[in-house]
file run-v5.txt (compact mmCIF, N, CA and C atoms)
# COMPACT_ATOMS: atom_id res chain seq x y z
N MET Z 1 42.77 -26.56 32.01
CA MET Z 1 41.56 -27.34 32.23
C MET Z 1 40.46 -26.83 31.30
N TYR Z 2 39.72 -27.74 30.73
CA TYR Z 2 38.65 -27.40 29.81
C TYR Z 2 37.37 -27.11 30.58
N PRO Z 3 36.54 -26.18 30.07
CA PRO Z 3 35.26 -25.93 30.75
C PRO Z 3 34.35 -27.15 30.59
N PRO Z 4 33.44 -27.37 31.54
CA PRO Z 4 32.53 -28.52 31.40
C PRO Z 4 31.59 -28.32 30.23
N ARG Z 5 31.17 -29.44 29.62
CA ARG Z 5 30.20 -29.37 28.52
C ARG Z 5 28.88 -28.88 29.06
N VAL Z 6 28.22 -28.05 28.33
CA VAL Z 6 26.92 -27.53 28.75
C VAL Z 6 25.86 -28.57 28.42
N ALA Z 7 25.07 -28.90 29.41
CA ALA Z 7 24.00 -29.87 29.20
C ALA Z 7 22.90 -29.23 28.36
N LEU Z 8 22.23 -30.05 27.55
CA LEU Z 8 21.11 -29.55 26.78
C LEU Z 8 19.94 -29.28 27.74
N LEU Z 9 19.36 -28.11 27.65
CA LEU Z 9 18.26 -27.77 28.54
C LEU Z 9 17.02 -28.58 28.23
N VAL Z 10 16.67 -28.67 26.97
CA VAL Z 10 15.54 -29.47 26.53
C VAL Z 10 16.03 -30.31 25.36
N ASN Z 11 15.83 -31.61 25.47
CA ASN Z 11 16.27 -32.49 24.39
C ASN Z 11 15.51 -32.22 23.10
N ASP Z 12 16.21 -32.32 21.97
CA ASP Z 12 15.54 -32.27 20.68
C ASP Z 12 14.66 -33.51 20.58
N ARG Z 13 13.55 -33.39 19.84
CA ARG Z 13 12.59 -34.48 19.69
C ARG Z 13 12.77 -35.13 18.32
N LEU Z 14 12.94 -36.42 18.31
CA LEU Z 14 13.15 -37.18 17.08
C LEU Z 14 11.98 -38.13 16.87
N TYR Z 15 11.31 -37.97 15.72
CA TYR Z 15 10.22 -38.87 15.35
C TYR Z 15 10.73 -39.87 14.32
N LEU Z 16 10.56 -41.15 14.64
CA LEU Z 16 10.95 -42.24 13.75
C LEU Z 16 9.75 -43.16 13.55
N LEU Z 17 9.65 -43.75 12.36
CA LEU Z 17 8.58 -44.70 12.10
C LEU Z 17 8.92 -46.04 12.75
N THR Z 18 7.90 -46.62 13.39
CA THR Z 18 8.06 -47.95 13.97
C THR Z 18 8.31 -48.94 12.83
N PRO Z 19 9.30 -49.84 12.98
CA PRO Z 19 9.55 -50.81 11.91
C PRO Z 19 8.44 -51.86 11.83
N ASP Z 20 8.48 -52.61 10.75
CA ASP Z 20 7.53 -53.70 10.50
C ASP Z 20 6.11 -53.21 10.25
N PHE Z 21 5.97 -52.07 9.57
CA PHE Z 21 4.64 -51.64 9.15
C PHE Z 21 4.31 -52.35 7.84
N THR Z 22 3.04 -52.41 7.54
CA THR Z 22 2.60 -53.06 6.30
C THR Z 22 2.14 -51.99 5.32
N ASP Z 23 2.71 -52.04 4.12
CA ASP Z 23 2.32 -51.12 3.05
C ASP Z 23 2.38 -51.90 1.76
N ALA Z 24 1.38 -51.73 0.93
CA ALA Z 24 1.29 -52.44 -0.35
C ALA Z 24 1.37 -53.96 -0.15
N GLY Z 25 0.86 -54.43 1.00
CA GLY Z 25 0.81 -55.86 1.27
C GLY Z 25 2.12 -56.47 1.75
N PHE Z 26 3.14 -55.65 2.00
CA PHE Z 26 4.44 -56.16 2.44
C PHE Z 26 4.82 -55.55 3.78
N LYS Z 27 5.46 -56.36 4.62
CA LYS Z 27 6.04 -55.85 5.85
C LYS Z 27 7.29 -55.07 5.48
N GLN Z 28 7.42 -53.85 6.00
CA GLN Z 28 8.52 -52.97 5.59
C GLN Z 28 9.09 -52.20 6.78
N PHE Z 29 10.20 -51.49 6.52
CA PHE Z 29 10.74 -50.52 7.45
C PHE Z 29 11.19 -49.32 6.65
N CYS Z 30 11.31 -48.18 7.32
CA CYS Z 30 11.72 -46.94 6.67
C CYS Z 30 13.25 -46.89 6.61
N THR Z 31 13.80 -46.86 5.41
CA THR Z 31 15.26 -46.86 5.27
C THR Z 31 15.88 -45.57 5.82
N GLU Z 32 15.19 -44.44 5.67
CA GLU Z 32 15.70 -43.19 6.19
C GLU Z 32 15.74 -43.19 7.72
N CYS Z 33 14.69 -43.74 8.34
CA CYS Z 33 14.67 -43.87 9.80
C CYS Z 33 15.76 -44.83 10.26
N ALA Z 34 15.96 -45.90 9.49
CA ALA Z 34 17.00 -46.88 9.84
C ALA Z 34 18.38 -46.25 9.79
N MET Z 35 18.59 -45.31 8.88
CA MET Z 35 19.88 -44.62 8.82
C MET Z 35 20.15 -43.85 10.11
N VAL Z 36 19.14 -43.13 10.60
CA VAL Z 36 19.30 -42.36 11.83
C VAL Z 36 19.46 -43.31 13.02
N GLU Z 37 18.69 -44.39 13.04
CA GLU Z 37 18.84 -45.42 14.09
C GLU Z 37 20.26 -45.99 14.08
N GLY Z 38 20.77 -46.24 12.87
CA GLY Z 38 22.13 -46.78 12.75
C GLY Z 38 23.17 -45.83 13.34
N MET Z 39 23.02 -44.55 13.09
CA MET Z 39 23.96 -43.58 13.67
C MET Z 39 23.90 -43.64 15.19
N MET Z 40 22.68 -43.72 15.74
CA MET Z 40 22.55 -43.76 17.19
C MET Z 40 23.12 -45.07 17.76
N ASN Z 41 23.11 -46.13 16.97
CA ASN Z 41 23.73 -47.37 17.41
C ASN Z 41 25.25 -47.26 17.38
N PHE Z 42 25.80 -46.54 16.41
CA PHE Z 42 27.24 -46.30 16.37
C PHE Z 42 27.67 -45.43 17.56
N TYR Z 43 26.83 -44.47 17.93
CA TYR Z 43 27.15 -43.51 18.98
C TYR Z 43 26.05 -43.53 20.04
N PRO Z 44 26.06 -44.54 20.91
CA PRO Z 44 24.96 -44.70 21.89
C PRO Z 44 24.82 -43.54 22.87
N ASN Z 45 25.84 -42.70 23.01
CA ASN Z 45 25.73 -41.55 23.91
C ASN Z 45 24.78 -40.48 23.36
N VAL Z 46 24.42 -40.56 22.07
CA VAL Z 46 23.50 -39.58 21.47
C VAL Z 46 22.05 -39.89 21.87
N ARG Z 47 21.70 -41.17 21.91
CA ARG Z 47 20.31 -41.59 22.16
C ARG Z 47 19.70 -40.97 23.42
N PRO Z 48 20.37 -41.02 24.58
CA PRO Z 48 19.73 -40.45 25.78
C PRO Z 48 19.63 -38.92 25.77
N ARG Z 49 20.26 -38.28 24.81
CA ARG Z 49 20.19 -36.82 24.70
C ARG Z 49 19.05 -36.37 23.79
N LEU Z 50 18.25 -37.33 23.33
CA LEU Z 50 17.11 -37.04 22.45
C LEU Z 50 15.84 -37.56 23.09
N ASP Z 51 14.75 -36.92 22.78
CA ASP Z 51 13.43 -37.41 23.15
C ASP Z 51 12.91 -38.13 21.90
N ILE Z 52 13.03 -39.44 21.89
CA ILE Z 52 12.71 -40.23 20.69
C ILE Z 52 11.29 -40.76 20.78
N LYS Z 53 10.53 -40.50 19.73
CA LYS Z 53 9.13 -40.93 19.64
C LYS Z 53 9.00 -41.84 18.43
N TYR Z 54 8.51 -43.05 18.65
CA TYR Z 54 8.25 -43.98 17.55
C TYR Z 54 6.77 -43.86 17.18
N ILE Z 55 6.52 -43.63 15.90
CA ILE Z 55 5.15 -43.39 15.45
C ILE Z 55 4.78 -44.36 14.34
N LYS Z 56 3.48 -44.45 14.10
CA LYS Z 56 2.98 -45.36 13.06
C LYS Z 56 3.22 -44.79 11.67
N PHE Z 57 3.29 -45.68 10.70
CA PHE Z 57 3.53 -45.32 9.31
C PHE Z 57 2.35 -44.55 8.70
N THR Z 58 1.14 -44.95 9.04
CA THR Z 58 -0.04 -44.40 8.39
C THR Z 58 -0.20 -42.90 8.66
N LYS Z 59 -0.71 -42.22 7.63
CA LYS Z 59 -0.98 -40.80 7.74
C LYS Z 59 -2.47 -40.60 7.93
N PRO Z 60 -2.88 -39.57 8.63
CA PRO Z 60 -2.03 -38.53 9.18
C PRO Z 60 -1.24 -39.06 10.38
N ARG Z 61 -0.14 -38.39 10.64
CA ARG Z 61 0.73 -38.71 11.78
C ARG Z 61 0.50 -37.61 12.82
N PRO Z 62 -0.47 -37.83 13.72
CA PRO Z 62 -0.93 -36.77 14.61
C PRO Z 62 0.17 -36.15 15.46
N GLU Z 63 1.16 -36.91 15.84
CA GLU Z 63 2.23 -36.38 16.68
C GLU Z 63 3.02 -35.29 15.96
N ILE Z 64 3.34 -35.53 14.69
CA ILE Z 64 4.09 -34.53 13.92
C ILE Z 64 3.17 -33.39 13.49
N VAL Z 65 1.95 -33.73 13.09
CA VAL Z 65 0.98 -32.71 12.67
C VAL Z 65 0.75 -31.71 13.81
N ALA Z 66 0.67 -32.19 15.04
CA ALA Z 66 0.45 -31.30 16.18
C ALA Z 66 1.58 -30.30 16.34
N GLU Z 67 2.78 -30.69 15.94
CA GLU Z 67 3.93 -29.79 16.09
C GLU Z 67 4.14 -28.91 14.86
N LEU Z 68 4.01 -29.49 13.66
CA LEU Z 68 4.43 -28.79 12.45
C LEU Z 68 3.32 -28.50 11.46
N GLY Z 69 2.15 -29.10 11.64
CA GLY Z 69 1.07 -28.95 10.69
C GLY Z 69 1.03 -30.10 9.70
N PRO Z 70 -0.08 -30.25 8.98
CA PRO Z 70 -0.28 -31.42 8.10
C PRO Z 70 0.65 -31.47 6.89
N GLU Z 71 1.26 -30.35 6.51
CA GLU Z 71 2.13 -30.35 5.33
C GLU Z 71 3.52 -30.89 5.60
N HIS Z 72 3.85 -31.17 6.87
CA HIS Z 72 5.20 -31.64 7.22
C HIS Z 72 5.11 -32.92 8.04
N GLN Z 73 4.72 -34.04 7.41
CA GLN Z 73 4.54 -35.30 8.12
C GLN Z 73 5.65 -36.31 7.83
N ALA Z 74 6.66 -35.90 7.10
CA ALA Z 74 7.73 -36.83 6.74
C ALA Z 74 8.49 -37.29 7.97
N SER Z 75 8.98 -38.50 7.89
CA SER Z 75 9.80 -39.04 8.96
C SER Z 75 11.00 -39.73 8.33
N PRO Z 76 12.18 -39.64 8.92
CA PRO Z 76 12.44 -39.11 10.25
C PRO Z 76 12.25 -37.61 10.30
N CYS Z 77 11.95 -37.13 11.50
CA CYS Z 77 11.75 -35.70 11.71
C CYS Z 77 12.37 -35.33 13.05
N LEU Z 78 13.25 -34.35 13.04
CA LEU Z 78 13.90 -33.88 14.25
C LEU Z 78 13.41 -32.47 14.54
N ILE Z 79 12.75 -32.28 15.67
CA ILE Z 79 12.33 -30.96 16.12
C ILE Z 79 13.47 -30.41 16.97
N ILE Z 80 14.01 -29.27 16.57
CA ILE Z 80 15.10 -28.64 17.32
C ILE Z 80 14.46 -27.73 18.35
N THR Z 81 14.61 -28.07 19.61
CA THR Z 81 13.86 -27.40 20.67
C THR Z 81 14.51 -26.11 21.16
N ASP Z 82 15.75 -25.88 20.83
CA ASP Z 82 16.45 -24.67 21.27
C ASP Z 82 16.85 -23.85 20.05
N PRO Z 83 16.23 -22.68 19.85
CA PRO Z 83 16.55 -21.85 18.67
C PRO Z 83 18.05 -21.52 18.55
N ALA Z 84 18.73 -21.36 19.67
CA ALA Z 84 20.17 -21.06 19.62
C ALA Z 84 20.94 -22.22 19.04
N ARG Z 85 20.51 -23.44 19.35
CA ARG Z 85 21.16 -24.63 18.79
C ARG Z 85 20.91 -24.71 17.29
N ALA Z 86 19.71 -24.37 16.87
CA ALA Z 86 19.38 -24.41 15.45
C ALA Z 86 20.25 -23.44 14.65
N GLN Z 87 20.56 -22.29 15.25
CA GLN Z 87 21.40 -21.30 14.56
C GLN Z 87 22.84 -21.79 14.39
N LYS Z 88 23.25 -22.75 15.19
CA LYS Z 88 24.61 -23.28 15.11
C LYS Z 88 24.70 -24.51 14.21
N ALA Z 89 23.63 -24.83 13.51
CA ALA Z 89 23.65 -25.98 12.61
C ALA Z 89 24.71 -25.75 11.53
N PRO Z 90 25.36 -26.83 11.07
CA PRO Z 90 26.36 -26.68 10.00
C PRO Z 90 25.76 -26.04 8.75
N ALA Z 91 26.61 -25.42 7.96
CA ALA Z 91 26.16 -24.70 6.76
C ALA Z 91 25.42 -25.60 5.77
N ASN Z 92 25.77 -26.89 5.73
CA ASN Z 92 25.13 -27.80 4.78
C ASN Z 92 23.82 -28.38 5.31
N VAL Z 93 23.36 -27.91 6.45
CA VAL Z 93 22.09 -28.34 7.03
C VAL Z 93 21.11 -27.18 6.94
N LYS Z 94 20.03 -27.39 6.25
CA LYS Z 94 19.02 -26.35 6.04
C LYS Z 94 17.85 -26.57 7.00
N VAL Z 95 17.88 -25.83 8.09
CA VAL Z 95 16.83 -25.93 9.11
C VAL Z 95 15.56 -25.29 8.56
N LYS Z 96 14.45 -26.01 8.67
CA LYS Z 96 13.15 -25.52 8.21
C LYS Z 96 12.35 -25.03 9.42
N THR Z 97 11.32 -24.22 9.14
CA THR Z 97 10.45 -23.71 10.20
C THR Z 97 9.00 -23.90 9.81
N SER Z 98 8.20 -24.34 10.77
CA SER Z 98 6.75 -24.44 10.59
C SER Z 98 6.11 -24.31 11.97
N ASN Z 99 5.03 -23.58 12.04
CA ASN Z 99 4.31 -23.35 13.31
C ASN Z 99 5.24 -22.82 14.39
N GLY Z 100 6.23 -22.05 13.99
CA GLY Z 100 7.17 -21.47 14.96
C GLY Z 100 8.20 -22.43 15.49
N LYS Z 101 8.24 -23.65 14.93
CA LYS Z 101 9.20 -24.65 15.39
C LYS Z 101 10.21 -24.94 14.27
N GLN Z 102 11.43 -25.18 14.67
CA GLN Z 102 12.49 -25.48 13.70
C GLN Z 102 12.68 -27.00 13.65
N PHE Z 103 12.92 -27.50 12.42
CA PHE Z 103 12.99 -28.95 12.27
C PHE Z 103 13.85 -29.34 11.07
N LEU Z 104 14.19 -30.62 11.05
CA LEU Z 104 14.88 -31.26 9.93
C LEU Z 104 14.12 -32.54 9.61
N ASN Z 105 14.04 -32.89 8.32
CA ASN Z 105 13.45 -34.19 7.99
C ASN Z 105 14.20 -34.92 6.89
N ASP Z 106 15.42 -34.50 6.62
CA ASP Z 106 16.30 -35.23 5.71
C ASP Z 106 17.27 -36.05 6.57
N PRO Z 107 17.37 -37.36 6.35
CA PRO Z 107 18.20 -38.18 7.24
C PRO Z 107 19.67 -37.78 7.27
N TYR Z 108 20.23 -37.37 6.14
CA TYR Z 108 21.63 -36.92 6.14
C TYR Z 108 21.79 -35.65 6.96
N GLU Z 109 20.87 -34.72 6.80
CA GLU Z 109 20.94 -33.48 7.56
C GLU Z 109 20.74 -33.73 9.06
N ILE Z 110 19.84 -34.64 9.40
CA ILE Z 110 19.65 -34.99 10.81
C ILE Z 110 20.94 -35.55 11.39
N CYS Z 111 21.57 -36.48 10.68
CA CYS Z 111 22.83 -37.07 11.17
C CYS Z 111 23.94 -36.03 11.24
N GLU Z 112 24.01 -35.15 10.27
CA GLU Z 112 25.03 -34.08 10.27
C GLU Z 112 24.81 -33.15 11.47
N TYR Z 113 23.58 -32.77 11.71
CA TYR Z 113 23.26 -31.92 12.84
C TYR Z 113 23.61 -32.62 14.16
N LEU Z 114 23.18 -33.88 14.32
CA LEU Z 114 23.47 -34.61 15.55
C LEU Z 114 24.97 -34.75 15.76
N ALA Z 115 25.72 -35.00 14.70
CA ALA Z 115 27.18 -35.11 14.81
C ALA Z 115 27.78 -33.80 15.33
N SER Z 116 27.31 -32.69 14.80
CA SER Z 116 27.83 -31.40 15.21
C SER Z 116 27.47 -31.06 16.66
N VAL Z 117 26.23 -31.30 17.02
CA VAL Z 117 25.76 -30.95 18.36
C VAL Z 117 26.38 -31.86 19.43
N HIS Z 118 26.54 -33.14 19.09
CA HIS Z 118 26.96 -34.11 20.11
C HIS Z 118 28.42 -34.54 19.98
N GLY Z 119 29.13 -33.97 19.01
CA GLY Z 119 30.57 -34.24 18.90
C GLY Z 119 30.92 -35.66 18.52
N VAL Z 120 30.14 -36.24 17.62
CA VAL Z 120 30.43 -37.59 17.13
C VAL Z 120 30.74 -37.53 15.63
N GLY Z 121 30.97 -38.68 15.01
CA GLY Z 121 31.33 -38.75 13.61
C GLY Z 121 30.24 -38.24 12.69
N HIS Z 122 30.68 -37.60 11.61
CA HIS Z 122 29.78 -37.04 10.60
C HIS Z 122 29.52 -38.07 9.50
N PRO Z 123 28.33 -38.04 8.89
CA PRO Z 123 28.04 -38.97 7.80
C PRO Z 123 28.88 -38.66 6.57
N ARG Z 124 29.27 -39.68 5.88
CA ARG Z 124 30.00 -39.51 4.63
C ARG Z 124 29.11 -39.97 3.51
N ARG Z 125 28.95 -39.12 2.52
CA ARG Z 125 28.08 -39.48 1.38
C ARG Z 125 28.91 -40.08 0.29
call {"tool": "encode", "arguments": {"input": "run-v5.txt", "output": "structure tokens"}}
result
Amino acid sequence: MYPPRVALLVNDRLYLLTPDFTDAGFKQFCTECAMVEGMMNFYPNVRPRLDIKYIKFTKPRPEIVAELGPEHQASPCLIITDPARAQKAPANVKVKTSNGKQFLNDPYEICEYLASVHGVGHPRR
């Protein structure tokens, strides 16, 4: 018999840009955020294990700034809430640190990390 899966104590926080923002006079969406959204649509069991926050396109982005500071406002942004989980990130995922918090803001690395943590398919480049 296999041991039960350990529940995440605190969900990682994922910041995504709300689609249909206007920039340069055009309605747009963030392709990097859409990539992460697409992964969660492929694997719907991942979504409830994250604290997902949809934020506005315009900067400053106060939600991310409050966590990481003004120099790290890129989205998508995944805040890894458990340092032990961050240490288990795959070798090809470079976890960054700011204000004492660990995070990822590259969509491929976010998907690779989520695949490893949640046991779903890994992105293929």
call {"tool": "closest_residue", "arguments": {"input": "run-v5.txt", "among": "Z:Asn99, Z:Asn11, Z:Met40, Z:Glu112", "to": "Gly69 in chain Z", "atoms": "only N, CA and C atoms"}}
result
Z:Asn99
call {"tool": "select_by_dssp", "arguments": {"input": "run-v5.txt", "residues": "range 61-125 of chain Z", "states": "alpha helix (DSSP H)", "output": "MDAnalysis selection string"}}
result
chainID Z and resid 62:68 83:87 107:118
call {"tool": "atom_distance", "arguments": {"input": "run-v5.txt", "atom1": "CA of Ser98 in chain Z", "atom2": "CA of Pro76 in chain Z"}}
result
15.7 Å
call {"tool": "closest_residue", "arguments": {"input": "run-v5.txt", "among": "Z:Lys101, Z:Leu50, Z:Glu37, Z:Ile80", "to": "Leu68 in chain Z", "atoms": "all atoms listed in the file"}}
result
Z:Lys101
call {"tool": "closest_residue", "arguments": {"input": "run-v5.txt", "among": "Z:Val10, Z:Leu16, Z:Ala89, Z:Ile64", "to": "Arg49 in chain Z", "atoms": "only C-alpha atoms"}}
result
Z:Val10
call {"tool": "atom_distance", "arguments": {"input": "run-v5.txt", "atom1": "CA of Gly25 in chain Z", "atom2": "CA of Lys59 in chain Z"}}
result
16.5 Å
call {"tool": "closest_residue", "arguments": {"input": "run-v5.txt", "among": "Z:Pro44, Z:Pro19, Z:Pro70, Z:Pro83", "to": "Lys56 in chain Z", "atoms": "all atoms listed in the file"}}
result
Z:Pro19
call {"tool": "closest_residue", "arguments": {"input": "run-v5.txt", "among": "Z:Asn45, Z:Thr31, Z:Thr58, Z:Ser75", "to": "Asn105 in chain Z", "atoms": "all atoms listed in the file"}}
result
Z:Ser75
call {"tool": "atom_distance", "arguments": {"input": "run-v5.txt", "atom1": "atom N of Gly38 in chain Z", "atom2": "atom N of Ile79 in chain Z"}}
result
16.3 Å
call {"tool": "select_by_dssp", "arguments": {"input": "run-v5.txt", "residues": "chain Z", "states": "strand (DSSP E)", "output": "PyMOL selection string"}}
result
chain Z and resi 12-17+21-23+26-28+50-55+77-80+96-98+101-104
